[in-house]
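data.csv follows (CSV, C-alpha atoms and all ligand atoms):
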chain,number,residue,atom,x,y,z
A,13,MET,CA,91.1,62.1,127.1
A,14,TYR,CA,89.4,65.3,126.1
A,15,THR,CA,87.7,67.9,128.3
A,16,ASP,CA,84.0,68.6,128.0
A,17,LYS,CA,84.7,71.9,126.4
A,18,VAL,CA,86.9,70.3,123.7
A,19,LEU,CA,84.1,67.8,122.9
A,20,LYS,CA,81.5,70.6,122.9
A,21,TYR,CA,83.5,72.6,120.3
A,22,PHE,CA,84.1,69.4,118.3
A,23,HIS,CA,80.4,68.4,118.2
A,24,LYS,CA,79.3,72.0,117.5
A,25,PRO,CA,82.1,73.8,115.8
A,26,ARG,CA,81.8,77.6,115.8
A,27,ASN,CA,82.6,79.6,112.6
A,28,LEU,CA,83.1,76.5,110.4
A,29,GLY,CA,83.2,77.2,106.7
A,30,LYS,CA,84.6,79.5,104.2
A,31,ILE,CA,84.4,83.3,103.7
A,32,LYS,CA,83.8,84.3,100.1
A,33,ASN,CA,86.1,87.2,99.1
A,34,ALA,CA,88.1,86.9,102.4
A,35,ASP,CA,90.6,89.6,102.9
A,36,GLY,CA,93.2,87.2,104.2
A,37,ILE,CA,93.5,83.4,103.9
A,38,GLY,CA,95.9,81.3,106.0
A,39,LYS,CA,96.7,77.8,104.8
A,40,VAL,CA,98.8,75.5,106.9
A,41,GLY,CA,99.3,71.9,106.5
A,42,ASN,CA,101.0,69.1,108.3
A,43,LEU,CA,101.5,66.1,106.0
A,44,ALA,CA,103.1,64.2,108.8
A,45,CYS,CA,99.7,63.6,110.4
A,46,GLY,CA,97.7,64.3,107.3
A,47,ASP,CA,95.9,67.4,108.4
A,48,MET,CA,95.3,70.7,106.7
A,49,MET,CA,93.8,73.9,107.9
A,50,TYR,CA,92.4,77.0,106.2
A,51,LEU,CA,91.5,80.1,108.1
A,52,TYR,CA,89.7,83.1,106.5
A,53,ILE,CA,89.4,86.6,107.8
A,54,LYS,CA,87.4,89.6,106.9
A,55,VAL,CA,88.9,92.9,108.1
A,56,GLU,CA,87.2,96.3,108.3
A,57,ASN,CA,88.4,99.7,109.2
A,58,ILE,CA,86.4,100.7,112.3
A,59,LYS,CA,87.2,104.1,113.7
A,60,GLY,CA,90.7,104.0,112.2
A,61,LYS,CA,91.4,100.5,113.5
A,62,GLU,CA,91.7,97.3,111.5
A,63,VAL,CA,89.2,95.0,113.1
A,64,ILE,CA,88.6,91.3,112.3
A,65,THR,CA,84.8,91.4,111.7
A,66,ASN,CA,84.4,87.8,110.5
A,67,VAL,CA,86.5,84.6,110.7
A,68,LYS,CA,85.9,81.1,109.6
A,69,PHE,CA,87.9,77.9,109.3
A,70,GLN,CA,88.0,74.6,107.5
A,71,THR,CA,90.2,71.7,108.6
A,72,PHE,CA,90.9,68.0,107.9
A,73,GLY,CA,92.5,67.8,111.3
A,74,CYS,CA,91.5,65.8,114.4
A,75,VAL,CA,89.1,66.6,117.3
A,76,ALA,CA,91.7,68.9,118.9
A,77,ALA,CA,92.3,70.8,115.7
A,78,ILE,CA,88.6,71.4,115.2
A,79,ALA,CA,88.1,72.5,118.8
A,80,THR,CA,91.2,74.8,118.9
A,81,SER,CA,90.4,76.4,115.6
A,82,SER,CA,86.8,76.9,116.7
A,83,ALA,CA,88.0,78.5,119.9
A,84,ILE,CA,90.5,80.8,118.2
A,85,THR,CA,87.8,82.1,115.7
A,86,GLU,CA,85.7,83.1,118.7
A,87,MET,CA,88.6,84.6,120.5
A,88,VAL,CA,89.7,86.9,117.6
A,89,LYS,CA,86.3,88.0,116.2
A,90,GLY,CA,86.0,91.7,117.0
A,91,LYS,CA,89.6,92.1,117.8
A,92,THR,CA,92.1,94.3,116.0
A,93,ILE,CA,94.9,92.7,114.0
A,94,GLU,CA,97.4,93.6,116.7
A,95,GLU,CA,95.2,92.1,119.5
A,96,ALA,CA,94.6,88.9,117.4
A,97,LEU,CA,98.3,88.4,116.9
A,98,LYS,CA,98.8,88.4,120.6
A,99,VAL,CA,96.5,85.4,121.2
A,100,THR,CA,98.8,82.5,122.3
A,101,ASN,CA,98.5,78.7,122.1
A,102,ASP,CA,98.4,78.6,125.9
A,103,GLU,CA,95.3,80.9,126.0
A,104,ILE,CA,93.5,78.7,123.5
A,105,ILE,CA,94.3,75.6,125.4
A,106,GLU,CA,93.3,77.3,128.7
A,107,SER,CA,90.0,78.3,127.1
A,108,LEU,CA,89.3,74.6,126.4
A,109,ASP,CA,90.2,73.6,129.9
A,110,GLY,CA,93.3,71.8,128.6
A,111,LEU,CA,94.5,69.4,125.9
A,112,PRO,CA,96.3,66.1,126.1
A,113,PRO,CA,100.1,66.8,125.7
A,114,ILE,CA,100.2,64.8,122.5
A,115,LYS,CA,97.6,67.1,121.0
A,116,ILE,CA,99.3,70.4,121.7
A,117,HIS,CA,100.6,70.7,118.2
A,118,CYS,CA,97.0,70.9,116.9
A,119,SER,CA,96.6,74.2,118.7
A,120,VAL,CA,99.8,75.4,117.1
A,121,LEU,CA,98.2,74.7,113.7
A,122,ALA,CA,95.3,77.0,114.6
A,123,THR,CA,97.5,79.9,115.7
A,124,GLU,CA,99.7,79.4,112.6
A,125,ALA,CA,96.7,79.5,110.3
A,126,LEU,CA,95.6,82.8,112.0
A,127,ALA,CA,99.1,84.3,111.6
A,128,GLU,CA,99.2,83.3,108.0
A,129,ALA,CA,95.7,84.8,107.3
A,130,ILE,CA,96.8,88.1,108.9
A,131,TYR,CA,100.1,87.9,106.9
A,132,ASP,CA,98.2,87.4,103.7
A,133,TYR,CA,95.8,90.3,104.5
A,134,LEU,CA,98.7,92.7,105.2
A,135,LYS,CA,100.6,91.7,102.1
A,136,LYS,CA,97.5,91.9,99.8
A,137,SER,CA,96.7,95.3,101.1
A,138,ASN,CA,100.3,96.5,100.9
A,139,LYS,CA,100.6,97.2,104.6
A,140,PRO,CA,103.8,96.8,106.6
A,141,THR,CA,104.1,93.4,108.3
A,142,PRO,CA,105.5,93.3,111.9
A,143,LYS,CA,109.0,91.7,112.1
A,144,ASP,CA,107.7,88.9,114.4
A,145,LEU,CA,105.0,88.0,111.9
A,146,GLU,CA,107.5,88.0,109.0
A,147,LYS,CA,109.7,85.6,111.0
A,148,LYS,CA,106.8,83.4,111.9
A,149,HIS,CA,105.7,83.3,108.3
A,150,GLU,CA,109.2,82.3,107.1
A,151,SER,CA,109.4,79.5,109.7
A,152,ILE,CA,106.0,78.2,108.8
A,153,VAL,CA,106.9,78.0,105.1
A,154,ARG,CA,110.3,76.4,105.9
A,155,HIS,CA,108.7,73.9,108.2
A,156,ASN,CA,106.1,72.9,105.6
A,157,GLU,CA,108.8,72.5,103.0
A,158,GLU,CA,110.8,70.2,105.3
A,159,LEU,CA,107.7,68.2,105.9
A,160,GLU,CA,106.9,67.9,102.2
A,161,GLU,CA,110.5,66.8,101.5
A,162,ARG,CA,110.3,64.2,104.2
A,163,TYR,CA,107.0,63.0,102.9
A,164,GLU,CA,108.3,62.7,99.4
A,165,GLU,CA,111.3,60.8,100.6
A,166,TRP,CA,109.0,58.5,102.5
A,167,MET,CA,106.9,58.0,99.3
A,168,GLU,CA,110.0,57.2,97.3
A,169,ASN,CA,111.1,54.6,99.9
A,170,GLN,CA,107.7,52.9,99.7
A,171,LYS,CA,108.3,52.3,96.0
A,172,GLU,CA,111.5,50.4,96.6
B,1,LIG,S1,95.8,68.0,113.8
B,1,LIG,FE1,97.1,66.3,113.5
B,1,LIG,S2,96.7,65.1,115.3
B,1,LIG,FE2,95.5,66.9,115.6

Here is the file; what I need is its structure written in the form of structure tokens.
Amino acid sequence: MYTDKVLKYFHKPRNLGKIKNADGIGKVGNLACGDMMYLYIKVENIKGKEVITNVKFQTFGCVAAIATSSAITEMVKGKTIEEALKVTNDEIIESLDGLPPIKIHCSVLATEALAEAIYDYLKKSNKPTPKDLEKKHESIVRHNEELEERYEEWMENQKE
């Protein structure tokens, strides 16, 4: 089901953990499948550019979530904020030699966590947020609220 690369990243996740005093934290959750992801970034100004110098993640997600978040941390470390925001799900999936279609949403979780960490960093440092990122943030928040509502409804139905 999984490629060798996915299994390699799963068995030896890269950049797993938490960054103390992170400059940005992205938290995304998907109660529908019970997973949760945190992505932490450290940003430094290097020669006038905002560069992600450290990035770590924590997740309660599945094999694919661990592999994709591992891969994304490696891909964005050393990149500027603008470059990191351009990393797509397809690129992550390609770097892992593919994912089963049913697991594509796990890679979305990783890119959303990164986008949220960058959004958090820009907001905390009073920097302008690109329009696309603002829209993505709103849609992530909306989506999570919908999931939580559905989850609560489901919990209520269980009581009946
Ligand atoms: S993170 Fe939910 S199934 Fe992969």

At a cut-off of 6 Å around ligand LIG 1 (chain B), and using only C-alpha atoms and all ligand atoms, what residues come up? Please write them as a list in words.
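Every residue with an atom at most 6 Å from ligand LIG 1 (chain B) is listed here: Cys45, Asp47, Gly73, Cys74, Ala76, Ala77, Lys115 and Cys118 of chain A.
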
I need the residues from that last selection saved to file as a PDB file, in the coordinates of the input (with C-alpha atoms), if you can.
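Wrote out-v1.pdb, looks like this:
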ATOM      1  CA  CYS A  45      99.700  63.600 110.400  1.00  0.00           C
ATOM      2  CA  ASP A  47      95.900  67.400 108.400  1.00  0.00           C
ATOM      3  CA  GLY A  73      92.500  67.800 111.300  1.00  0.00           C
ATOM      4  CA  CYS A  74      91.500  65.800 114.400  1.00  0.00           C
ATOM      5  CA  ALA A  76      91.700  68.900 118.900  1.00  0.00           C
ATOM      6  CA  ALA A  77      92.300  70.800 115.700  1.00  0.00           C
ATOM      7  CA  LYS A 115      97.600  67.100 121.000  1.00  0.00           C
ATOM      8  CA  CYS A 118      97.000  70.900 116.900  1.00  0.00           C
TER       9      CYS A 118
END

Pick the closest to Lys59 of chain A from A:Thr92, A:Ser81, A:Thr100, A:Ser137: which is it, counting only C-alpha atoms?
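Distance minimum relative to Lys59 of chain A lands on A:Thr92.
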
Near segment 22-36 of chain A, 8 Å: segment 77-159 of chain A residue rows, closest pairs, only C-alpha atoms, as a Markdown table:
| residue | atom | partner | partner_atom | distance |
| --- | --- | --- | --- | --- |
| A:Ile78 | CA | A:Phe22 | CA | 5.8 |
| A:Ala79 | CA | A:Phe22 | CA | 5.1 |
| A:Ser82 | CA | A:Arg26 | CA | 5.1 |
| A:Ala83 | CA | A:Arg26 | CA | 7.5 |
| A:Thr85 | CA | A:Asn27 | CA | 6.5 |
| A:Glu86 | CA | A:Arg26 | CA | 7.3 |
| A:Ala129 | CA | A:Gly36 | CA | 4.6 |
| A:Ile130 | CA | A:Gly36 | CA | 6.0 |
| A:Tyr131 | CA | A:Gly36 | CA | 7.4 |
| A:Asp132 | CA | A:Gly36 | CA | 5.0 |
| A:Tyr133 | CA | A:Gly36 | CA | 4.1 |
| A:Leu134 | CA | A:Gly36 | CA | 7.8 |
| A:Lys136 | CA | A:Gly36 | CA | 7.7 |

Radius query 10 Å about (92.1, 94.0, 117.3), atoms used: only C-alpha atoms, as number ranges by chain:
A: 55, 61-65, 88-98

Which of these, A:Gly41, A:Asp109, A:Val99, A:Ile84, has the shortest distance to Thr15 of chain A once you count only C-alpha atoms?
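Of the candidates, the smallest distance to Thr15 of chain A is held by A:Asp109.
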
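Contact shell of Lys39 of chain A at 8 Å (all atoms listed in the file; same-chain neighbours under 4 positions omitted): A:Met48, A:Met49, A:Tyr50, A:Leu51, A:Ala125, A:Glu128, A:Ala129.
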
In Å and to one decimal, atom CA of Glu106 of chain A is distant from atom CA of Phe69 of chain A by 20.1 Å

Atom CA of Ile104 of chain A to atom CA of Ile58 of chain A: how many Å, to one decimal?
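Between atom CA of Ile104 of chain A and atom CA of Ile58 of chain A the gap works out to 25.7 Å.
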
Counting all atoms listed in the file, the residue of A:Ile114, A:Ala122, A:Lys20, A:Glu103 that sits nearest Tyr52 of chain A
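Looking at the shortest contact to Tyr52 of chain A, the residue is A:Ala122.
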
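Interatomic distance, atom CA of Glu157 of chain A against atom CA of Lys135 of chain A: 20.9 Å.
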
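Ranking A:Lys17, A:Thr80, A:Met87, A:Ile152 by their shortest atom-to-atom distance to Ile105 of chain A, with only C-alpha atoms included, puts A:Thr80 first.
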
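In terms of minimum interatomic distance to Ser151 of chain A, A:Val40 ranks closest within A:Val40, A:Asp102, A:Val67, A:Asp16, counting only C-alpha atoms.
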
Residue nearest Asn66 of chain A - candidates A:Glu172, A:Lys143, A:Leu111, A:Lys54, atoms counted: all atoms listed in the file:
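Of A:Glu172, A:Lys143, A:Leu111, A:Lys54, the one nearest Asn66 of chain A is A:Lys54, counting all atoms listed in the file.
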